[in-house]
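One structure below.
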Amino acid sequence: MATSSTKKWWKNAIIYQIYPRSFCDSNGDGIGDIPGIISKLPYLKDLGIDAIWLSPVYSSPGYDNGYDISDYKNINPEFGTMEDMDRLISRAKRLGIKIVMDLVINHTSDEHEWFQKALAGDPKYRDYYYFRDGNGRKYPNNWGSFFGGRAWSKTENGDYYLHLFSDKQPDLNWHNPDVYEEMTSVMQFWLDKGIAGFRCDVINVIFKDNLEDGKQHLALTGREHYLNTDGCHDLIRRFNDDVWSKYKTFIVGEAVCINPDNAKLLTDEDRKELDTVFFFEHMDVDSRIVKWFKKKYHPSKFIRIIDKWQNTLEVPANYFENHDQIRSVNHFGNTEKYWEKSAKLLCGLNLSLRGVPFIYEGEEIGMTNGDFRGLRDIKDVESFNINQSMKRLLLTHSVRRKLILRTSRDNARTPVQWNSSEGAGFTTGEPWLKINDNKSFINVEDESKDENSILNFYKSMIEFRKGSQAIQEGTYRRVASPGDVYIFTRESDEERLYIYCNLTSMNKVVEFYGDRIIFGNYGEDERLDFMLKPYEFRIVVSNI
Ligand code: TEU
Ligand code: CA
């Protein structure tokens, strides 16, 4: 077993994701920024997290809110300056908080100098991307984009370039060794500044085997030519060998459409690729192929998926929400009758599973989906493109409105609610995205004062996890129970914990094990000995 000095710092870390645009605005322009983040570091310290995953702050025209990068070694002026960034890194370091940056290397912005030079005809830079002619056909191949529509757009010269995401995000050609040199230099640049690792955006699609037509697929025609290719594994191993292993990094890959076998290959310690991956299967539990078409959510299925991944990965990256998903309390909880209890249950579950838990900004106060008045309030490029695709399918406005409002990524991107004032303490100006009306009672200031709030539940649960060897390092085992109640053990040499999660809004009779309840979201006077109440979470200890 590793000693404490050789043990990897991230194995017991709790990581908090910041989506900079929506976190805290320091200068009243309605857009969150780096000085805003710095001002909230004491809050994050007090919450008890160990590291921040910072969504992109690099120079960007912002068509995909920073996931379209135009200069990897500079800061978007909307977010601040390089001095601000250096200050964020050093202030966070003083508080013992590490910073993990987003690394978006599948594509650049079309406004990146490389793409601009490529468009101007410079052969060196044309080979950084995929330019092809239509060959007399309408498109070079039949691939689809993640954001709907085709994966190719036409340039002014009449040829096409590949983009798996929006047309403002041309894909890089990872067959070109110059691209490798450029990007490893970017990684080094930031690691030398003292950042602690990367969250690698869509890492398992970066290497395209070939550009042949793909099998027809409802959303992602072509994917067999770029998902989890051998070339991708090779590249990651080289990143690790040439750069990451020289620093004490934590590398988490966002792995789209990933199954357990592929995830194991990406994260197997001996293969020296990634430390862990974000999987999507639990997020898609209620989707029909694409997330726009929903089906009923069954907690039993959700539990089976989480259990499967607990048993798949050496160190699972656990999360219930992020900037691409709807709010977890809407997704897996009940915002009508059990908003508080279900938000606390999700906190308890996330923080008692095996692995590295991620908390997304606002999740710790139980923030809910956006209360958008209509499609005009939605800003996300994905929603925009999907709306266009749905128009082509002749869906009516009211159908498109319904489908998009309940699934749009903007649901998780509404500004963080710091207090109940008009700008929610997020901004003194006009916010870039509508602030939820429920800031009146869902906000940091009020929840800090209420000892039974969701925020204070997060704080105690984080503290509990930090003090528990069983949760931090123990084994995991699911215990037989009714399908929509999740019971599992976490066990160390000293103790066995039984974790109970009732993921429904009904009372559930279950078998109780263990000796003593040591944590829960129902108070002693509300609890029942023979069953779990709606969304009840309990930790019971049994001494061994
Ligand atoms: O997301 C990749 C990804 O799979 C999502 O686009 C997903 O398909 C969609 O959000 C489901 O609604 C990453 C980033 O997290 C996302 O914000 C970026 O837009 C995308 O890559 C492109 O960089
Ligand atoms: Ca600002």
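Ordered as shown in the structure tokens, chains take letters A, B, and onward, while each chain numbers its residues from 1 and ligands are numbered from 1 in the order shown.
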
Contacts of region 406-417 of chain A at 6 Å (only C-alpha atoms; same-chain gap of 5+ positions) as a ChimeraX atom specification: /A:22-23,323-327,362,369-370,383,424,433,435,439,443

For N, CA, C and O atoms, I'd like the residues from the last selection saved as a PDB file, in the first residue's frame.
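Saved to result-v1.pdb:
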ATOM      1  N   SER A  22     -20.855  31.962 -14.854  1.00  0.00           N
ATOM      2  CA  SER A  22     -22.044  32.007 -14.008  1.00  0.00           C
ATOM      3  C   SER A  22     -21.733  32.032 -12.519  1.00  0.00           C
ATOM      4  O   SER A  22     -22.633  31.929 -11.702  1.00  0.00           O
ATOM      5  N   PHE A  23     -20.473  32.165 -12.161  1.00  0.00           N
ATOM      6  CA  PHE A  23     -20.133  31.981 -10.741  1.00  0.00           C
ATOM      7  C   PHE A  23     -20.246  33.281  -9.947  1.00  0.00           C
ATOM      8  O   PHE A  23     -21.059  33.394  -9.044  1.00  0.00           O
ATOM      9  N   HIS A 323     -22.042  21.451 -16.075  1.00  0.00           N
ATOM     10  CA  HIS A 323     -22.530  22.549 -16.912  1.00  0.00           C
ATOM     11  C   HIS A 323     -23.240  22.071 -18.177  1.00  0.00           C
ATOM     12  O   HIS A 323     -23.740  22.900 -18.939  1.00  0.00           O
ATOM     13  N   ASP A 324     -23.241  20.765 -18.443  1.00  0.00           N
ATOM     14  CA  ASP A 324     -23.907  20.237 -19.640  1.00  0.00           C
ATOM     15  C   ASP A 324     -25.220  19.528 -19.321  1.00  0.00           C
ATOM     16  O   ASP A 324     -25.897  19.048 -20.234  1.00  0.00           O
ATOM     17  N   GLN A 325     -25.519  19.386 -18.045  1.00  0.00           N
ATOM     18  CA  GLN A 325     -26.673  18.571 -17.637  1.00  0.00           C
ATOM     19  C   GLN A 325     -27.686  19.436 -16.906  1.00  0.00           C
ATOM     20  O   GLN A 325     -27.335  20.483 -16.393  1.00  0.00           O
ATOM     21  N   ILE A 326     -28.898  18.950 -16.810  1.00  0.00           N
ATOM     22  CA  ILE A 326     -29.866  19.687 -15.999  1.00  0.00           C
ATOM     23  C   ILE A 326     -29.487  19.519 -14.526  1.00  0.00           C
ATOM     24  O   ILE A 326     -28.652  18.692 -14.174  1.00  0.00           O
ATOM     25  N   ARG A 327     -30.078  20.296 -13.668  1.00  0.00           N
ATOM     26  CA  ARG A 327     -29.773  20.245 -12.233  1.00  0.00           C
ATOM     27  C   ARG A 327     -30.182  18.886 -11.662  1.00  0.00           C
ATOM     28  O   ARG A 327     -31.263  18.356 -11.982  1.00  0.00           O
ATOM     29  N   GLY A 362     -23.434  25.656  -7.113  1.00  0.00           N
ATOM     30  CA  GLY A 362     -24.866  25.818  -6.879  1.00  0.00           C
ATOM     31  C   GLY A 362     -25.557  24.540  -6.432  1.00  0.00           C
ATOM     32  O   GLY A 362     -26.619  24.574  -5.817  1.00  0.00           O
ATOM     33  N   ASN A 369     -33.307  23.849 -11.949  1.00  0.00           N
ATOM     34  CA  ASN A 369     -33.289  24.240 -13.357  1.00  0.00           C
ATOM     35  C   ASN A 369     -33.711  25.694 -13.540  1.00  0.00           C
ATOM     36  O   ASN A 369     -34.425  26.247 -12.699  1.00  0.00           O
ATOM     37  N   GLY A 370     -33.307  26.281 -14.660  1.00  0.00           N
ATOM     38  CA  GLY A 370     -33.684  27.653 -14.958  1.00  0.00           C
ATOM     39  C   GLY A 370     -35.200  27.791 -15.121  1.00  0.00           C
ATOM     40  O   GLY A 370     -35.856  26.879 -15.627  1.00  0.00           O
ATOM     41  N   SER A 383     -28.488  24.257 -27.776  1.00  0.00           N
ATOM     42  CA  SER A 383     -29.939  24.398 -27.856  1.00  0.00           C
ATOM     43  C   SER A 383     -30.345  25.072 -29.159  1.00  0.00           C
ATOM     44  O   SER A 383     -31.322  24.696 -29.809  1.00  0.00           O
ATOM     45  N   ALA A 424     -28.986  38.626  -7.267  1.00  0.00           N
ATOM     46  CA  ALA A 424     -28.650  37.409  -6.506  1.00  0.00           C
ATOM     47  C   ALA A 424     -27.236  37.452  -5.919  1.00  0.00           C
ATOM     48  O   ALA A 424     -26.663  36.412  -5.603  1.00  0.00           O
ATOM     49  N   LEU A 433     -27.474  35.570 -18.255  1.00  0.00           N
ATOM     50  CA  LEU A 433     -28.527  34.565 -18.375  1.00  0.00           C
ATOM     51  C   LEU A 433     -29.490  34.806 -17.215  1.00  0.00           C
ATOM     52  O   LEU A 433     -29.045  35.167 -16.115  1.00  0.00           O
ATOM     53  N   ILE A 435     -31.598  34.974 -14.030  1.00  0.00           N
ATOM     54  CA  ILE A 435     -31.432  34.438 -12.674  1.00  0.00           C
ATOM     55  C   ILE A 435     -32.766  33.840 -12.217  1.00  0.00           C
ATOM     56  O   ILE A 435     -33.836  34.409 -12.475  1.00  0.00           O
ATOM     57  N   LYS A 439     -34.224  32.487  -6.080  1.00  0.00           N
ATOM     58  CA  LYS A 439     -33.122  33.059  -5.286  1.00  0.00           C
ATOM     59  C   LYS A 439     -33.653  33.616  -3.960  1.00  0.00           C
ATOM     60  O   LYS A 439     -32.905  33.772  -3.004  1.00  0.00           O
ATOM     61  N   ASN A 443     -30.425  30.420  -1.645  1.00  0.00           N
ATOM     62  CA  ASN A 443     -29.241  31.260  -1.796  1.00  0.00           C
ATOM     63  C   ASN A 443     -28.260  31.012  -0.658  1.00  0.00           C
ATOM     64  O   ASN A 443     -28.634  30.550   0.418  1.00  0.00           O
TER      65      ASN A 443
END

Spatial neighbours of region 233-235 of chain A, 12 Å, only C-alpha atoms, chain gap at least 6 places, as an MDAnalysis selection string: chainID A and resid 105 174:177 179:181 183:184 203:209 226:227 241:243 253 262:268 271:274

Option closest in space to ligand 1, from A:Tyr16, A:Asn385, A:Lys40, A:Trp9 [counting only C-alpha atoms and all ligand atoms]: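 Of the candidates, the smallest distance to ligand 1 is held by A:Asn385.
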
Environment of ligand 2 within 10 Å, counting only C-alpha atoms and all ligand atoms, reported as a PyMOL selection string: chain A and resi 20-36+77-80+426-429+431-432

Output of the above residues as a compact mmCIF listing (two decimals), in the first residue's frame, restricted to N, CA and C atoms:
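Output below, filename result-v4.txt:
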# COMPACT_ATOMS: atom_id res chain seq x y z
N PRO A 20 -17.11 29.59 -14.97
CA PRO A 20 -16.76 30.97 -14.62
C PRO A 20 -17.82 32.01 -15.00
N ARG A 21 -18.43 31.80 -16.13
CA ARG A 21 -19.41 32.79 -16.60
C ARG A 21 -20.56 33.01 -15.63
N SER A 22 -20.85 31.96 -14.85
CA SER A 22 -22.04 32.01 -14.01
C SER A 22 -21.73 32.03 -12.52
N PHE A 23 -20.47 32.17 -12.16
CA PHE A 23 -20.13 31.98 -10.74
C PHE A 23 -20.25 33.28 -9.95
N CYS A 24 -19.43 34.28 -10.29
CA CYS A 24 -19.51 35.54 -9.55
C CYS A 24 -18.92 36.66 -10.39
N ASP A 25 -19.66 37.73 -10.55
CA ASP A 25 -19.26 38.85 -11.41
C ASP A 25 -18.74 39.99 -10.52
N SER A 26 -17.47 40.37 -10.72
CA SER A 26 -16.89 41.39 -9.83
C SER A 26 -17.06 42.82 -10.34
N ASN A 27 -17.35 42.98 -11.64
CA ASN A 27 -17.33 44.35 -12.17
C ASN A 27 -18.66 44.80 -12.80
N GLY A 28 -19.70 44.07 -12.54
CA GLY A 28 -21.02 44.55 -12.95
C GLY A 28 -21.34 44.45 -14.43
N ASP A 29 -20.54 43.70 -15.20
CA ASP A 29 -20.90 43.56 -16.62
C ASP A 29 -21.83 42.37 -16.86
N GLY A 30 -22.24 41.71 -15.79
CA GLY A 30 -23.21 40.62 -15.92
C GLY A 30 -22.59 39.27 -16.22
N ILE A 31 -21.24 39.24 -16.28
CA ILE A 31 -20.53 38.00 -16.61
C ILE A 31 -19.57 37.65 -15.47
N GLY A 32 -19.66 36.45 -14.98
CA GLY A 32 -18.75 36.01 -13.92
C GLY A 32 -17.31 36.13 -14.38
N ASP A 33 -16.38 36.29 -13.44
CA ASP A 33 -14.98 36.51 -13.82
C ASP A 33 -14.03 35.99 -12.75
N ILE A 34 -12.72 36.07 -13.08
CA ILE A 34 -11.71 35.50 -12.18
C ILE A 34 -11.64 36.27 -10.84
N PRO A 35 -11.64 37.62 -10.86
CA PRO A 35 -11.66 38.30 -9.55
C PRO A 35 -12.88 37.86 -8.71
N GLY A 36 -13.99 37.59 -9.38
CA GLY A 36 -15.17 37.08 -8.66
C GLY A 36 -14.87 35.75 -8.00
N PRO A 77 -10.53 38.30 -21.91
CA PRO A 77 -10.66 39.56 -21.17
C PRO A 77 -11.99 39.68 -20.40
N GLU A 78 -13.03 39.00 -20.87
CA GLU A 78 -14.29 39.04 -20.11
C GLU A 78 -14.09 38.47 -18.71
N PHE A 79 -13.13 37.53 -18.59
CA PHE A 79 -12.89 36.88 -17.30
C PHE A 79 -11.76 37.54 -16.50
N GLY A 80 -10.94 38.37 -17.16
CA GLY A 80 -9.85 39.04 -16.46
C GLY A 80 -8.57 38.97 -17.24
N PHE A 426 -24.83 37.89 -7.51
CA PHE A 426 -23.95 37.44 -8.61
C PHE A 426 -23.43 38.66 -9.36
N THR A 427 -24.32 39.61 -9.59
CA THR A 427 -23.93 40.79 -10.37
C THR A 427 -24.70 42.02 -9.89
N THR A 428 -24.10 43.20 -10.14
CA THR A 428 -24.84 44.44 -9.89
C THR A 428 -25.44 44.92 -11.20
N GLY A 429 -25.10 44.22 -12.29
CA GLY A 429 -25.59 44.65 -13.61
C GLY A 429 -26.67 43.73 -14.14
N PRO A 431 -27.57 40.35 -15.72
CA PRO A 431 -26.91 39.05 -15.86
C PRO A 431 -27.01 38.52 -17.28
N TRP A 432 -25.98 37.78 -17.72
CA TRP A 432 -25.95 37.28 -19.11
C TRP A 432 -27.03 36.24 -19.35

Could you list the protein, DNA and RNA residues that have any atom within 6 Å of ligand 1, counting only C-alpha atoms and all ligand atoms, and write them as a PDB file with all heavy atoms, in the first residue's frame?
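Writing done, so here's result_19.pdb:
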ATOM      1  N   ASP A  64     -19.285  28.829 -27.619  1.00  0.00           N
ATOM      2  CA  ASP A  64     -19.651  27.725 -26.735  1.00  0.00           C
ATOM      3  C   ASP A  64     -19.123  28.025 -25.323  1.00  0.00           C
ATOM      4  O   ASP A  64     -18.596  27.157 -24.640  1.00  0.00           O
ATOM      5  CB  ASP A  64     -19.072  26.403 -27.291  1.00  0.00           C
ATOM      6  CG  ASP A  64     -19.646  25.168 -26.596  1.00  0.00           C
ATOM      7  OD1 ASP A  64     -20.656  25.307 -25.872  1.00  0.00           O
ATOM      8  OD2 ASP A  64     -19.071  24.071 -26.768  1.00  0.00           O
ATOM      9  N   TYR A  67     -15.548  26.850 -24.623  1.00  0.00           N
ATOM     10  CA  TYR A  67     -15.113  25.557 -25.177  1.00  0.00           C
ATOM     11  C   TYR A  67     -14.719  25.714 -26.655  1.00  0.00           C
ATOM     12  O   TYR A  67     -14.567  24.737 -27.375  1.00  0.00           O
ATOM     13  CB  TYR A  67     -16.174  24.473 -24.956  1.00  0.00           C
ATOM     14  CG  TYR A  67     -16.188  24.001 -23.503  1.00  0.00           C
ATOM     15  CD1 TYR A  67     -16.978  24.626 -22.552  1.00  0.00           C
ATOM     16  CD2 TYR A  67     -15.351  22.973 -23.087  1.00  0.00           C
ATOM     17  CE1 TYR A  67     -16.955  24.230 -21.216  1.00  0.00           C
ATOM     18  CE2 TYR A  67     -15.314  22.572 -21.768  1.00  0.00           C
ATOM     19  CZ  TYR A  67     -16.115  23.201 -20.834  1.00  0.00           C
ATOM     20  OH  TYR A  67     -16.068  22.814 -19.517  1.00  0.00           O
ATOM     21  N   PHE A 146     -22.322  16.460 -32.808  1.00  0.00           N
ATOM     22  CA  PHE A 146     -22.907  16.293 -31.470  1.00  0.00           C
ATOM     23  C   PHE A 146     -24.007  17.315 -31.220  1.00  0.00           C
ATOM     24  O   PHE A 146     -24.862  17.105 -30.372  1.00  0.00           O
ATOM     25  CB  PHE A 146     -21.829  16.478 -30.394  1.00  0.00           C
ATOM     26  CG  PHE A 146     -20.978  15.266 -30.165  1.00  0.00           C
ATOM     27  CD1 PHE A 146     -20.016  14.888 -31.089  1.00  0.00           C
ATOM     28  CD2 PHE A 146     -21.131  14.495 -29.015  1.00  0.00           C
ATOM     29  CE1 PHE A 146     -19.219  13.769 -30.880  1.00  0.00           C
ATOM     30  CE2 PHE A 146     -20.334  13.374 -28.799  1.00  0.00           C
ATOM     31  CZ  PHE A 146     -19.379  13.009 -29.728  1.00  0.00           C
ATOM     32  N   PHE A 165     -18.429  19.353 -33.198  1.00  0.00           N
ATOM     33  CA  PHE A 165     -19.333  20.199 -32.402  1.00  0.00           C
ATOM     34  C   PHE A 165     -19.827  21.330 -33.308  1.00  0.00           C
ATOM     35  O   PHE A 165     -20.156  21.054 -34.459  1.00  0.00           O
ATOM     36  CB  PHE A 165     -18.626  20.618 -31.102  1.00  0.00           C
ATOM     37  CG  PHE A 165     -18.413  19.401 -30.210  1.00  0.00           C
ATOM     38  CD1 PHE A 165     -17.288  18.601 -30.359  1.00  0.00           C
ATOM     39  CD2 PHE A 165     -19.383  18.994 -29.320  1.00  0.00           C
ATOM     40  CE1 PHE A 165     -17.120  17.427 -29.615  1.00  0.00           C
ATOM     41  CE2 PHE A 165     -19.231  17.824 -28.566  1.00  0.00           C
ATOM     42  CZ  PHE A 165     -18.100  17.045 -28.711  1.00  0.00           C
ATOM     43  N   ASP A 201     -11.503  17.605 -22.128  1.00  0.00           N
ATOM     44  CA  ASP A 201     -12.775  17.668 -22.843  1.00  0.00           C
ATOM     45  C   ASP A 201     -12.833  16.591 -23.935  1.00  0.00           C
ATOM     46  O   ASP A 201     -11.871  16.414 -24.695  1.00  0.00           O
ATOM     47  CB  ASP A 201     -12.875  19.060 -23.481  1.00  0.00           C
ATOM     48  CG  ASP A 201     -14.265  19.387 -23.983  1.00  0.00           C
ATOM     49  OD1 ASP A 201     -15.189  19.408 -23.169  1.00  0.00           O
ATOM     50  OD2 ASP A 201     -14.411  19.633 -25.206  1.00  0.00           O
ATOM     51  N   VAL A 202     -13.956  15.911 -24.030  1.00  0.00           N
ATOM     52  CA  VAL A 202     -14.215  14.883 -25.064  1.00  0.00           C
ATOM     53  C   VAL A 202     -12.956  14.147 -25.536  1.00  0.00           C
ATOM     54  O   VAL A 202     -12.719  13.987 -26.742  1.00  0.00           O
ATOM     55  CB  VAL A 202     -14.978  15.446 -26.291  1.00  0.00           C
ATOM     56  CG1 VAL A 202     -16.382  15.825 -25.897  1.00  0.00           C
ATOM     57  CG2 VAL A 202     -14.292  16.638 -26.932  1.00  0.00           C
ATOM     58  N   VAL A 256     -17.068  10.480 -23.769  1.00  0.00           N
ATOM     59  CA  VAL A 256     -18.446  10.410 -24.258  1.00  0.00           C
ATOM     60  C   VAL A 256     -18.767   9.010 -24.775  1.00  0.00           C
ATOM     61  O   VAL A 256     -17.882   8.298 -25.248  1.00  0.00           O
ATOM     62  CB  VAL A 256     -18.718  11.482 -25.347  1.00  0.00           C
ATOM     63  CG1 VAL A 256     -18.663  12.875 -24.754  1.00  0.00           C
ATOM     64  CG2 VAL A 256     -17.715  11.371 -26.492  1.00  0.00           C
ATOM     65  N   ASP A 324     -23.241  20.765 -18.443  1.00  0.00           N
ATOM     66  CA  ASP A 324     -23.907  20.237 -19.640  1.00  0.00           C
ATOM     67  C   ASP A 324     -25.220  19.528 -19.321  1.00  0.00           C
ATOM     68  O   ASP A 324     -25.897  19.048 -20.234  1.00  0.00           O
ATOM     69  CB  ASP A 324     -23.013  19.201 -20.345  1.00  0.00           C
ATOM     70  CG  ASP A 324     -21.791  19.822 -21.004  1.00  0.00           C
ATOM     71  OD1 ASP A 324     -21.822  21.022 -21.323  1.00  0.00           O
ATOM     72  OD2 ASP A 324     -20.803  19.080 -21.192  1.00  0.00           O
TER      73      ASP A 324
END

Per-residue DSSP, region 280-322 of chain A, filtered to helix (DSSP H, G or I), as a PyMOL selection string: chain A and resi 299-310

Separation of CA of Asp377 (chain A) from CA of Asp446 (chain A) in Å: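 About the pair CA of Asp446 (chain A) and CA of Asp377 (chain A): they are 27.0 Å apart.
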
Spatial neighbours of region 496-504 of chain A, 10 Å, only C-alpha atoms, chain gap at least 6 places, as a count of residues only: 59

Selection: 9 Å around Met101 (chain A), only C-alpha atoms, excl. self and same-chain fewer than 2 positions, as a ChimeraX atom specification: /A:52-57,99,103,190,195-200

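The space between CA of Asp86 (chain A) and CA of Met187 (chain A) spans 15.7 Å.
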
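Going from CA of Val252 (chain A) over to CA of Ile69 (chain A), you cover 19.5 Å.
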
Thr155 (chain A) environment, 12 Å, only C-alpha atoms, sequence neighbours closer than 4 positions dropped, as a ChimeraX atom specification: /A:110,115-116,118-121,130-134,159-162,167-168,170

Selection file, N, CA and C atoms, as a PDB file, in the first residue's frame:
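Saved result, part_23.pdb, follows:
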ATOM      1  N   ASP A 110     -12.819  28.661 -34.448  1.00  0.00           N
ATOM      2  CA  ASP A 110     -12.494  29.018 -35.835  1.00  0.00           C
ATOM      3  C   ASP A 110     -11.789  30.369 -35.869  1.00  0.00           C
ATOM      4  N   PHE A 115      -6.456  28.428 -37.428  1.00  0.00           N
ATOM      5  CA  PHE A 115      -7.539  28.203 -38.382  1.00  0.00           C
ATOM      6  C   PHE A 115      -7.629  29.369 -39.365  1.00  0.00           C
ATOM      7  N   GLN A 116      -7.392  30.572 -38.861  1.00  0.00           N
ATOM      8  CA  GLN A 116      -7.415  31.743 -39.746  1.00  0.00           C
ATOM      9  C   GLN A 116      -6.334  31.626 -40.827  1.00  0.00           C
ATOM     10  N   ALA A 118      -5.041  28.865 -41.847  1.00  0.00           N
ATOM     11  CA  ALA A 118      -5.448  27.750 -42.711  1.00  0.00           C
ATOM     12  C   ALA A 118      -6.432  28.242 -43.768  1.00  0.00           C
ATOM     13  N   LEU A 119      -7.387  29.041 -43.323  1.00  0.00           N
ATOM     14  CA  LEU A 119      -8.374  29.562 -44.282  1.00  0.00           C
ATOM     15  C   LEU A 119      -7.699  30.423 -45.335  1.00  0.00           C
ATOM     16  N   ALA A 120      -6.643  31.138 -44.909  1.00  0.00           N
ATOM     17  CA  ALA A 120      -5.926  32.001 -45.855  1.00  0.00           C
ATOM     18  C   ALA A 120      -5.051  31.188 -46.805  1.00  0.00           C
ATOM     19  N   GLY A 121      -4.998  29.864 -46.601  1.00  0.00           N
ATOM     20  CA  GLY A 121      -4.312  29.010 -47.571  1.00  0.00           C
ATOM     21  C   GLY A 121      -2.937  28.534 -47.135  1.00  0.00           C
ATOM     22  N   TYR A 130      -8.991  19.378 -40.595  1.00  0.00           N
ATOM     23  CA  TYR A 130      -9.447  18.495 -41.661  1.00  0.00           C
ATOM     24  C   TYR A 130     -10.190  19.299 -42.725  1.00  0.00           C
ATOM     25  N   PHE A 131      -9.508  19.573 -43.830  1.00  0.00           N
ATOM     26  CA  PHE A 131     -10.171  20.223 -44.973  1.00  0.00           C
ATOM     27  C   PHE A 131     -10.326  19.174 -46.063  1.00  0.00           C
ATOM     28  N   ARG A 132     -11.486  19.090 -46.646  1.00  0.00           N
ATOM     29  CA  ARG A 132     -11.720  18.123 -47.735  1.00  0.00           C
ATOM     30  C   ARG A 132     -12.656  18.741 -48.771  1.00  0.00           C
ATOM     31  N   ASP A 133     -12.587  18.276 -50.026  1.00  0.00           N
ATOM     32  CA  ASP A 133     -13.639  18.756 -50.935  1.00  0.00           C
ATOM     33  C   ASP A 133     -14.811  17.800 -50.912  1.00  0.00           C
ATOM     34  N   GLY A 134     -15.883  18.332 -51.410  1.00  0.00           N
ATOM     35  CA  GLY A 134     -17.104  17.539 -51.446  1.00  0.00           C
ATOM     36  C   GLY A 134     -17.021  16.379 -52.438  1.00  0.00           C
ATOM     37  N   ASP A 159     -14.430  24.448 -50.177  1.00  0.00           N
ATOM     38  CA  ASP A 159     -14.149  23.146 -49.567  1.00  0.00           C
ATOM     39  C   ASP A 159     -14.795  23.097 -48.175  1.00  0.00           C
ATOM     40  N   TYR A 160     -14.641  21.943 -47.517  1.00  0.00           N
ATOM     41  CA  TYR A 160     -15.324  21.754 -46.240  1.00  0.00           C
ATOM     42  C   TYR A 160     -14.313  21.509 -45.129  1.00  0.00           C
ATOM     43  N   TYR A 161     -14.689  21.812 -43.880  1.00  0.00           N
ATOM     44  CA  TYR A 161     -13.852  21.433 -42.730  1.00  0.00           C
ATOM     45  C   TYR A 161     -14.717  20.665 -41.735  1.00  0.00           C
ATOM     46  N   LEU A 162     -14.044  19.773 -41.010  1.00  0.00           N
ATOM     47  CA  LEU A 162     -14.741  18.891 -40.072  1.00  0.00           C
ATOM     48  C   LEU A 162     -14.933  19.566 -38.720  1.00  0.00           C
ATOM     49  N   ASP A 167     -20.057  24.716 -35.814  1.00  0.00           N
ATOM     50  CA  ASP A 167     -19.211  25.116 -36.939  1.00  0.00           C
ATOM     51  C   ASP A 167     -18.167  26.139 -36.501  1.00  0.00           C
ATOM     52  N   LYS A 168     -18.269  26.647 -35.277  1.00  0.00           N
ATOM     53  CA  LYS A 168     -17.261  27.555 -34.729  1.00  0.00           C
ATOM     54  C   LYS A 168     -16.155  26.771 -34.004  1.00  0.00           C
ATOM     55  N   PRO A 170     -13.750  23.952 -35.254  1.00  0.00           N
ATOM     56  CA  PRO A 170     -13.138  22.988 -36.179  1.00  0.00           C
ATOM     57  C   PRO A 170     -12.257  21.965 -35.453  1.00  0.00           C
TER      58      PRO A 170
END

Best match for closeness to Asn65 (chain A) among A:Glu524, A:Asp286, A:Glu382, A:Asp213, counting only C-alpha atoms: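 Comparing A:Glu524, A:Asp286, A:Glu382, A:Asp213 against Asn65 (chain A), the winner is A:Glu382.
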
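For Cys257 (chain A), the list of residues within 8 Å, based on only C-alpha atoms and with local chain neighbours fewer than 2 positions off taken out, reads Ala255, Asn259, Phe279, Phe280 and Glu281 of chain A.
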
Go ahead and write the residues just picked, all heavy atoms, as a compact mmCIF listing (two decimals), in the first residue's frame.
# COMPACT_ATOMS: atom_id res chain seq x y z
N ALA A 255 -15.31 11.26 -21.13
CA ALA A 255 -15.34 10.18 -22.11
C ALA A 255 -16.78 9.97 -22.56
O ALA A 255 -17.59 9.36 -21.87
CB ALA A 255 -14.77 8.91 -21.50
N ASN A 259 -18.30 2.90 -22.54
CA ASN A 259 -18.81 1.73 -21.83
C ASN A 259 -17.72 1.23 -20.88
O ASN A 259 -16.56 1.67 -20.97
CB ASN A 259 -19.28 0.65 -22.81
CG ASN A 259 -18.14 0.13 -23.66
OD1 ASN A 259 -16.99 0.09 -23.22
ND2 ASN A 259 -18.44 -0.26 -24.87
N PHE A 279 -18.16 9.20 -16.83
CA PHE A 279 -19.02 8.38 -17.69
C PHE A 279 -20.39 9.06 -17.72
O PHE A 279 -20.68 9.95 -16.92
CB PHE A 279 -19.10 6.95 -17.15
CG PHE A 279 -19.44 6.87 -15.70
CD1 PHE A 279 -20.76 6.77 -15.28
CD2 PHE A 279 -18.45 6.91 -14.73
CE1 PHE A 279 -21.08 6.70 -13.93
CE2 PHE A 279 -18.76 6.85 -13.38
CZ PHE A 279 -20.07 6.74 -12.97
N PHE A 280 -21.22 8.66 -18.65
CA PHE A 280 -22.51 9.35 -18.88
C PHE A 280 -23.74 8.48 -18.65
O PHE A 280 -24.86 8.97 -18.75
CB PHE A 280 -22.57 9.86 -20.32
CG PHE A 280 -21.73 11.07 -20.57
CD1 PHE A 280 -20.35 10.96 -20.68
CD2 PHE A 280 -22.31 12.33 -20.70
CE1 PHE A 280 -19.56 12.09 -20.91
CE2 PHE A 280 -21.54 13.45 -20.93
CZ PHE A 280 -20.16 13.34 -21.04
N GLU A 281 -23.52 7.20 -18.42
CA GLU A 281 -24.66 6.28 -18.45
C GLU A 281 -25.76 6.68 -17.47
O GLU A 281 -26.95 6.59 -17.79
CB GLU A 281 -24.16 4.85 -18.16
CG GLU A 281 -25.10 3.81 -18.70
CD GLU A 281 -24.61 2.38 -18.45
OE1 GLU A 281 -23.40 2.19 -18.15
OE2 GLU A 281 -25.45 1.48 -18.54

Minimum-distance residue to Ile462 (chain A), chosen among A:Lys45, A:His331, A:Lys449, A:Lys337 (using only C-alpha atoms):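 Closest candidate: A:Lys45.
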
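With only C-alpha atoms as the atoms that count, the minimum distance from Thr108 (chain A) to the choices A:Leu164, A:Ala219, A:Ile14, A:Val315 is reached by A:Leu164.
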